[in-house]
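One file, protein_23.cif, is given below (mmCIF, C-alpha atoms (C1' of nucleotides)).
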data_target
loop_
_atom_site.label_atom_id
_atom_site.label_comp_id
_atom_site.auth_asym_id
_atom_site.auth_seq_id
_atom_site.Cartn_x
_atom_site.Cartn_y
_atom_site.Cartn_z
CA MET A 1 67.24 99.58 126.44
CA LYS A 2 70.69 98.92 125.02
CA ILE A 3 71.89 101.43 122.45
CA ALA A 4 75.16 101.27 120.50
CA THR A 5 77.25 103.09 117.92
CA TRP A 6 79.86 101.71 115.53
CA ASN A 7 81.85 103.16 112.65
CA VAL A 8 82.00 100.04 110.47
CA ASN A 9 84.25 101.41 107.66
CA SER A 10 82.18 100.01 104.76
CA ILE A 11 79.05 98.00 105.53
CA LYS A 12 79.71 95.84 102.48
CA ALA A 13 83.17 94.82 103.72
CA ARG A 14 81.89 94.44 107.28
CA LEU A 15 78.52 92.71 106.86
CA GLU A 16 79.62 89.46 108.49
CA ALA A 17 81.39 91.21 111.34
CA VAL A 18 78.37 93.44 112.01
CA THR A 19 75.76 90.66 111.96
CA GLU A 20 77.95 88.50 114.20
CA TRP A 21 78.29 91.34 116.70
CA LEU A 22 74.54 92.12 116.57
CA LYS A 23 73.74 88.51 117.44
CA GLU A 24 76.00 88.45 120.48
CA ALA A 25 75.57 92.05 121.74
CA GLU A 26 71.84 92.24 121.00
CA PRO A 27 71.50 96.02 121.07
CA ASP A 28 67.96 97.40 120.76
CA ILE A 29 69.37 100.25 118.69
CA ALA A 30 72.59 100.33 116.68
CA CYS A 31 73.83 103.49 114.96
CA LEU A 32 76.27 102.74 112.13
CA GLN A 33 78.65 105.12 110.35
CA GLU A 34 80.85 105.10 107.24
CA LEU A 35 78.55 102.78 105.30
CA LYS A 36 80.21 103.76 102.01
CA CYS A 37 77.10 102.68 100.13
CA THR A 38 73.97 104.20 98.65
CA ASP A 39 70.49 103.66 100.12
CA ASP A 40 69.59 101.10 97.45
CA THR A 41 72.70 98.96 98.04
CA PHE A 42 72.41 98.91 101.85
CA PRO A 43 72.03 95.24 102.90
CA ARG A 44 68.83 95.82 104.87
CA GLU A 45 67.55 92.24 104.50
CA ALA A 46 70.46 90.93 106.57
CA PHE A 47 69.40 93.17 109.44
CA GLU A 48 65.66 92.71 109.01
CA ASP A 49 66.30 88.96 109.32
CA LEU A 50 67.73 89.71 112.78
CA GLY A 51 64.63 91.69 113.73
CA TYR A 52 65.83 95.21 113.02
CA ASN A 53 64.08 98.08 111.32
CA CYS A 54 66.47 100.14 109.18
CA ALA A 55 66.75 103.85 108.50
CA VAL A 56 69.50 104.65 106.01
CA HIS A 57 71.10 107.86 104.78
CA GLY A 58 73.68 106.58 102.33
CA GLN A 59 76.24 107.97 99.92
CA LYS A 60 78.42 106.41 97.24
CA THR A 61 82.02 105.64 98.32
CA TYR A 62 82.11 108.04 101.29
CA ASN A 63 80.27 108.64 104.55
CA GLY A 64 76.78 107.19 105.01
CA VAL A 65 74.95 106.60 108.30
CA ALA A 66 72.20 104.25 109.46
CA ILE A 67 70.04 103.46 112.47
CA LEU A 68 69.02 99.87 113.19
CA SER A 69 66.24 99.44 115.72
CA LYS A 70 64.19 96.56 117.09
CA LEU A 71 61.52 99.16 117.90
CA PRO A 72 59.71 101.01 115.11
CA LEU A 73 61.52 104.11 113.83
CA GLU A 74 59.50 107.31 113.66
CA ASP A 75 60.22 110.85 112.49
CA VAL A 76 63.25 109.74 110.48
CA THR A 77 65.23 112.85 109.51
CA PRO A 78 68.48 112.94 107.52
CA ARG A 79 70.99 115.82 107.54
CA LEU A 80 71.83 118.53 110.02
CA PRO A 81 69.99 121.83 109.64
CA GLY A 82 72.00 124.59 107.94
CA GLY A 83 75.11 124.14 105.82
CA ASP A 84 73.63 124.86 102.42
CA GLY A 85 75.41 122.91 99.72
CA ASP A 86 76.72 120.33 102.18
CA ASP A 87 75.93 117.04 100.45
CA HIS A 88 77.81 114.71 102.83
CA ALA A 89 75.64 111.96 104.37
CA ARG A 90 76.80 112.39 107.96
CA TYR A 91 73.69 112.69 110.12
CA LEU A 92 70.49 110.71 110.63
CA GLU A 93 67.96 111.16 113.41
CA ALA A 94 64.89 109.20 114.47
CA VAL A 95 62.57 108.61 117.41
CA VAL A 96 61.73 105.27 118.99
CA SER A 97 59.02 104.50 121.52
CA GLY A 98 60.09 102.32 124.44
CA LYS A 99 58.09 100.93 127.32
CA LYS A 100 58.75 104.02 129.43
CA GLY A 101 58.52 106.68 126.74
CA THR A 102 60.38 107.91 123.67
CA LEU A 103 64.07 108.13 122.90
CA ARG A 104 65.44 110.40 120.18
CA VAL A 105 68.58 108.93 118.60
CA ALA A 106 71.07 110.36 116.12
CA SER A 107 73.72 108.51 114.11
CA ILE A 108 76.62 110.93 113.67
CA TYR A 109 79.71 110.87 111.46
CA ALA A 110 81.58 114.11 112.04
CA PRO A 111 84.25 115.14 109.51
CA ASN A 112 87.86 114.07 110.00
CA GLY A 113 89.23 117.54 109.19
CA ASN A 114 92.79 116.63 108.24
CA PRO A 115 95.05 118.22 107.35
CA ILE A 116 94.69 121.25 109.61
CA GLY A 117 94.84 124.65 107.96
CA THR A 118 92.81 123.48 104.95
CA ASP A 119 89.16 123.82 103.96
CA LYS A 120 88.65 120.30 105.30
CA TYR A 121 89.54 121.54 108.77
CA THR A 122 87.27 124.58 108.37
CA TYR A 123 84.48 122.24 107.29
CA LYS A 124 85.01 120.07 110.38
CA LEU A 125 84.77 123.03 112.77
CA GLY A 126 81.73 124.43 110.96
CA TRP A 127 80.04 121.04 111.03
CA LEU A 128 80.62 120.70 114.79
CA GLU A 129 79.12 124.19 115.23
CA ARG A 130 76.03 123.14 113.29
CA LEU A 131 75.82 120.00 115.42
CA ALA A 132 76.01 122.10 118.60
CA ALA A 133 73.24 124.39 117.36
CA HIS A 134 71.04 121.39 116.62
CA ALA A 135 71.96 119.73 119.93
CA ARG A 136 70.74 122.90 121.67
CA ASP A 137 67.39 122.62 119.87
CA VAL A 138 67.11 118.93 120.80
CA LEU A 139 67.89 119.81 124.40
CA ALA A 140 65.02 122.30 124.41
CA LEU A 141 62.61 119.41 123.80
CA GLU A 142 63.45 118.23 127.34
CA GLU A 143 63.19 114.57 126.36
CA PRO A 144 65.52 111.57 126.41
CA ALA A 145 67.98 111.88 123.53
CA ALA A 146 71.21 110.16 122.52
CA LEU A 147 73.54 111.81 120.00
CA MET A 148 75.97 109.07 119.18
CA GLY A 149 78.61 108.30 116.65
CA ASP A 150 82.10 109.02 115.38
CA TYR A 151 82.77 112.59 116.52
CA ASN A 152 86.36 112.45 115.22
CA VAL A 153 87.44 114.33 118.35
CA ILE A 154 89.80 113.14 121.11
CA PRO A 155 88.26 114.83 124.16
CA THR A 156 91.32 114.97 126.44
CA PRO A 157 94.98 113.84 126.67
CA ASP A 158 93.66 110.91 128.74
CA ASP A 159 91.87 109.61 125.63
CA VAL A 160 94.97 109.01 123.50
CA TYR A 161 97.96 106.70 123.97
CA ASP A 162 100.46 109.50 123.28
CA PRO A 163 99.14 113.07 123.19
CA LYS A 164 102.36 114.38 121.65
CA ALA A 165 101.89 112.15 118.60
CA TRP A 166 98.53 113.79 117.86
CA LEU A 167 99.39 117.45 118.50
CA ASN A 168 99.23 118.32 114.80
CA ASP A 169 96.18 116.21 114.01
CA ALA A 170 92.73 117.69 113.42
CA LEU A 171 91.22 115.23 115.92
CA PHE A 172 93.19 116.70 118.80
CA GLN A 173 93.23 120.43 118.01
CA PRO A 174 92.03 122.81 120.76
CA GLU A 175 89.29 124.05 118.40
CA SER A 176 88.08 120.50 117.70
CA ARG A 177 88.07 119.62 121.39
CA ALA A 178 86.21 122.87 122.13
CA GLY A 179 83.64 121.90 119.49
CA LEU A 180 82.85 118.68 121.35
CA ARG A 181 83.08 120.33 124.77
CA ARG A 182 80.60 123.00 123.67
CA ILE A 183 77.98 120.29 123.14
CA GLU A 184 78.73 118.68 126.51
CA TYR A 185 78.50 122.05 128.24
CA LEU A 186 75.01 122.52 126.83
CA GLY A 187 74.07 119.74 129.24
CA TYR A 188 74.98 116.47 127.51
CA THR A 189 76.69 113.60 129.29
CA ASP A 190 79.47 111.46 127.80
CA ALA A 191 77.95 108.07 128.67
CA PHE A 192 81.21 106.11 128.71
CA ARG A 193 83.07 108.70 130.76
CA ALA A 194 80.19 108.90 133.24
CA CYS A 195 80.49 105.16 133.89
CA HIS A 196 84.29 104.80 133.88
CA ALA A 197 86.96 106.57 135.91
CA GLU A 198 89.82 104.73 134.22
CA THR A 199 91.65 106.60 131.49
CA HIS A 200 93.14 105.45 128.16
CA GLN A 201 90.14 103.50 126.95
CA TYR A 202 89.99 103.57 123.16
CA THR A 203 87.48 103.09 120.37
CA PHE A 204 89.83 103.38 117.37
CA TRP A 205 93.16 101.81 116.46
CA ASP A 206 94.80 102.64 113.13
CA TYR A 207 95.37 99.78 110.71
CA GLN A 208 98.95 100.97 110.30
CA ALA A 209 102.12 100.55 112.30
CA GLY A 210 100.75 97.78 114.50
CA ALA A 211 98.61 100.26 116.42
CA TRP A 212 96.24 97.57 117.67
CA GLN A 213 99.00 95.25 118.86
CA LYS A 214 100.66 98.13 120.74
CA ASP A 215 97.34 99.47 122.04
CA HIS A 216 98.04 102.80 120.32
CA GLY A 217 94.41 103.91 120.25
CA ILE A 218 92.24 106.97 120.61
CA ARG A 219 88.72 107.48 121.99
CA ILE A 220 86.69 109.30 119.34
CA ASP A 221 83.34 107.47 119.27
CA HIS A 222 80.98 108.93 121.83
CA ILE A 223 77.44 108.64 123.17
CA LEU A 224 76.17 112.02 124.36
CA LEU A 225 73.01 111.84 126.46
CA SER A 226 70.50 114.58 127.20
CA PRO A 227 69.78 115.01 130.93
CA GLN A 228 66.51 113.11 130.58
CA ALA A 229 68.42 110.18 129.07
CA ALA A 230 71.41 110.43 131.41
CA ASP A 231 69.02 110.13 134.36
CA HIS A 232 68.34 106.59 133.14
CA LEU A 233 71.96 105.59 132.41
CA LYS A 234 72.82 102.20 133.92
CA HIS A 235 76.06 101.17 132.25
CA SER A 236 78.34 101.80 129.29
CA ALA A 237 81.18 99.87 127.66
CA ILE A 238 83.46 99.53 124.65
CA ASP A 239 83.40 96.20 122.79
CA LYS A 240 87.18 96.22 122.37
CA GLN A 241 87.47 92.52 121.52
CA VAL A 242 85.86 93.15 118.13
CA ARG A 243 89.05 94.90 116.95
CA GLY A 244 91.03 91.64 117.22
CA ARG A 245 88.81 89.67 114.83
CA GLU A 246 89.14 88.86 111.13
CA ARG A 247 88.87 91.81 108.74
CA PRO A 248 87.98 94.28 111.51
CA SER A 249 86.85 97.87 111.20
CA ASP A 250 89.42 100.27 112.67
CA HIS A 251 86.68 101.37 115.10
CA VAL A 252 84.85 99.20 117.68
CA PRO A 253 81.29 99.46 119.04
CA VAL A 254 80.48 101.65 122.04
CA TRP A 255 77.23 101.07 123.89
CA CYS A 256 75.23 102.03 126.93
CA GLU A 257 72.23 100.66 128.76
CA LEU A 258 69.36 103.01 129.57
CA ASP A 259 66.53 102.20 131.95
CA LEU A 260 63.99 103.20 129.33
"C1'" DA B 1 109.72 113.73 107.75
"C1'" DT B 2 106.96 109.99 105.69
"C1'" DG B 3 104.90 105.51 105.19
"C1'" DC B 4 102.94 101.78 107.38
"C1'" DC B 5 96.91 99.54 106.29
"C1'" DG B 6 92.47 99.13 104.18
"C1'" DA B 7 88.34 100.38 101.18
"C1'" DC B 8 86.90 102.31 96.94
"C1'" DA B 9 86.62 103.15 91.90
"C1'" DG B 10 88.06 101.16 88.15
"C1'" DG B 11 90.83 98.20 85.78
"C1'" DA B 12 96.60 101.42 87.57
"C1'" DT B 13 97.07 103.77 91.04
"C1'" DG B 14 95.23 108.00 93.42
"C1'" DT B 15 91.98 109.55 97.16
"C1'" DC B 16 90.48 109.26 101.64
"C1'" DG B 17 90.49 107.98 106.32
"C1'" DA B 18 92.44 109.17 111.43
#
Represent the structure of the file as structure tokens.
Amino acid sequence: MKIATWNVNSIKARLEAVTEWLKEAEPDIACLQELKCTDDTFPREAFEDLGYNCAVHGQKTYNGVAILSKLPLEDVTPRLPGGDGDDHARYLEAVVSGKKGTLRVASIYAPNGNPIGTDKYTYKLGWLERLAAHARDVLALEEPAALMGDYNVIPTPDDVYDPKAWLNDALFQPESRAGLRRIEYLGYTDAFRACHAETHQYTFWDYQAGAWQKDHGIRIDHILLSPQAADHLKHSAIDKQVRGRERPSDHVPVWCELDL
DNA sequence: ATGCCGACAGGATGTCGA
């Protein structure tokens, strides 16, 4: 089973790019983030025509997450537990049944958190804490699970072209990195890191300052696997070439293959 | 030190992203 995640930065602006990539990459499951559209304006027909079922948790202008799946989606659940009053559409979870059992998948769009020292940064750290608490509950189910999406966290200095340039950014703060690490230390595996020893592999390049041309990227989109899923991990990769196409998202797809 | 670019809402230019 091939599962993927991609922050598309507006599904309306990216519909052609996304359908083109789906046709060539042929993931069984694709988690999308930053739809920037409501449920009723999500272009589900375009994906259903390619054989995908759609679960959507949208929001006008900001955020919005979806799960596309060639297998039927069950137990579709939007929103992280806790965080009363949090109306951001940043989390969507569902269960699919494969040939060898179920896989729980989550499409995640963690807050950016900039600038540091503001309530946006506090919100980011609190959101990551809520995610960790939920990840712990998912882990207790002792089943294959993949929590994947835009975590908006650079895990280590090896995941950024120039660590010094990001020292004052919310994505690279010790507290942000600890928030991601806390989830990994519960027992989750970073699928890409588990498959690749080489450093400086990126999933995001800013639109500005020729970041793509200079390979000034950061790795912030991650697939975290529960032990029962990691046991079936075969391969993982970043579809970097997508960033060089017409009207690209600033993020590219990350995927992994599970023997499920 | 700040903007660079791009999407959105709205109908000019400010907000947000990372």
Expected selection from the PyMOL selection byres ((chain B) within 12 of (chain A)), given as a PyMOL selection string: chain B and resi 3-9+15-18
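Across the model, the gap from atom CA of Gly64 of chain A to atom CA of Gly217 of chain A is 23.5 Å.
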Point-to-point distance in Å for atom CA of Asp39 of chain A and atom CA of His57 of chain A: 6.3 Å
Residues selected by the PyMOL selection byres ((chain A and resi 107) around 9), written as number ranges by chain: A: 5, 30-33, 65-67, 90-94, 105-106, 108-109, 146-150
Only C-alpha atoms, please: the residues just picked out, written as a short mmCIF file (atom, residue, chain, number, x, y, z; two decimals), keeping the file's coordinate frame.
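Ended up saving to result-v9.cif:
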data_model
loop_
_atom_site.label_atom_id
_atom_site.label_comp_id
_atom_site.auth_asym_id
_atom_site.auth_seq_id
_atom_site.Cartn_x
_atom_site.Cartn_y
_atom_site.Cartn_z
CA THR A 5 77.25 103.09 117.92
CA ALA A 30 72.59 100.33 116.68
CA CYS A 31 73.83 103.49 114.96
CA LEU A 32 76.27 102.74 112.13
CA GLN A 33 78.65 105.12 110.35
CA VAL A 65 74.95 106.60 108.30
CA ALA A 66 72.20 104.25 109.46
CA ILE A 67 70.04 103.46 112.47
CA ARG A 90 76.80 112.39 107.96
CA TYR A 91 73.69 112.69 110.12
CA LEU A 92 70.49 110.71 110.63
CA GLU A 93 67.96 111.16 113.41
CA ALA A 94 64.89 109.20 114.47
CA VAL A 105 68.58 108.93 118.60
CA ALA A 106 71.07 110.36 116.12
CA ILE A 108 76.62 110.93 113.67
CA TYR A 109 79.71 110.87 111.46
CA ALA A 146 71.21 110.16 122.52
CA LEU A 147 73.54 111.81 120.00
CA MET A 148 75.97 109.07 119.18
CA GLY A 149 78.61 108.30 116.65
CA ASP A 150 82.10 109.02 115.38
#
Atomic distance atom CA of Leu73 of chain A - atom CA of Val95 of chain A, expressed in Å with one decimal: 5.8 Å
The PyMOL selection byres ((chain A and resi 226) around 7) resolved against shown file, as JSON, numbers by chain: {"A": [139, 144, 145, 146, 187, 188, 189, 224, 225, 227, 228, 229, 230]}
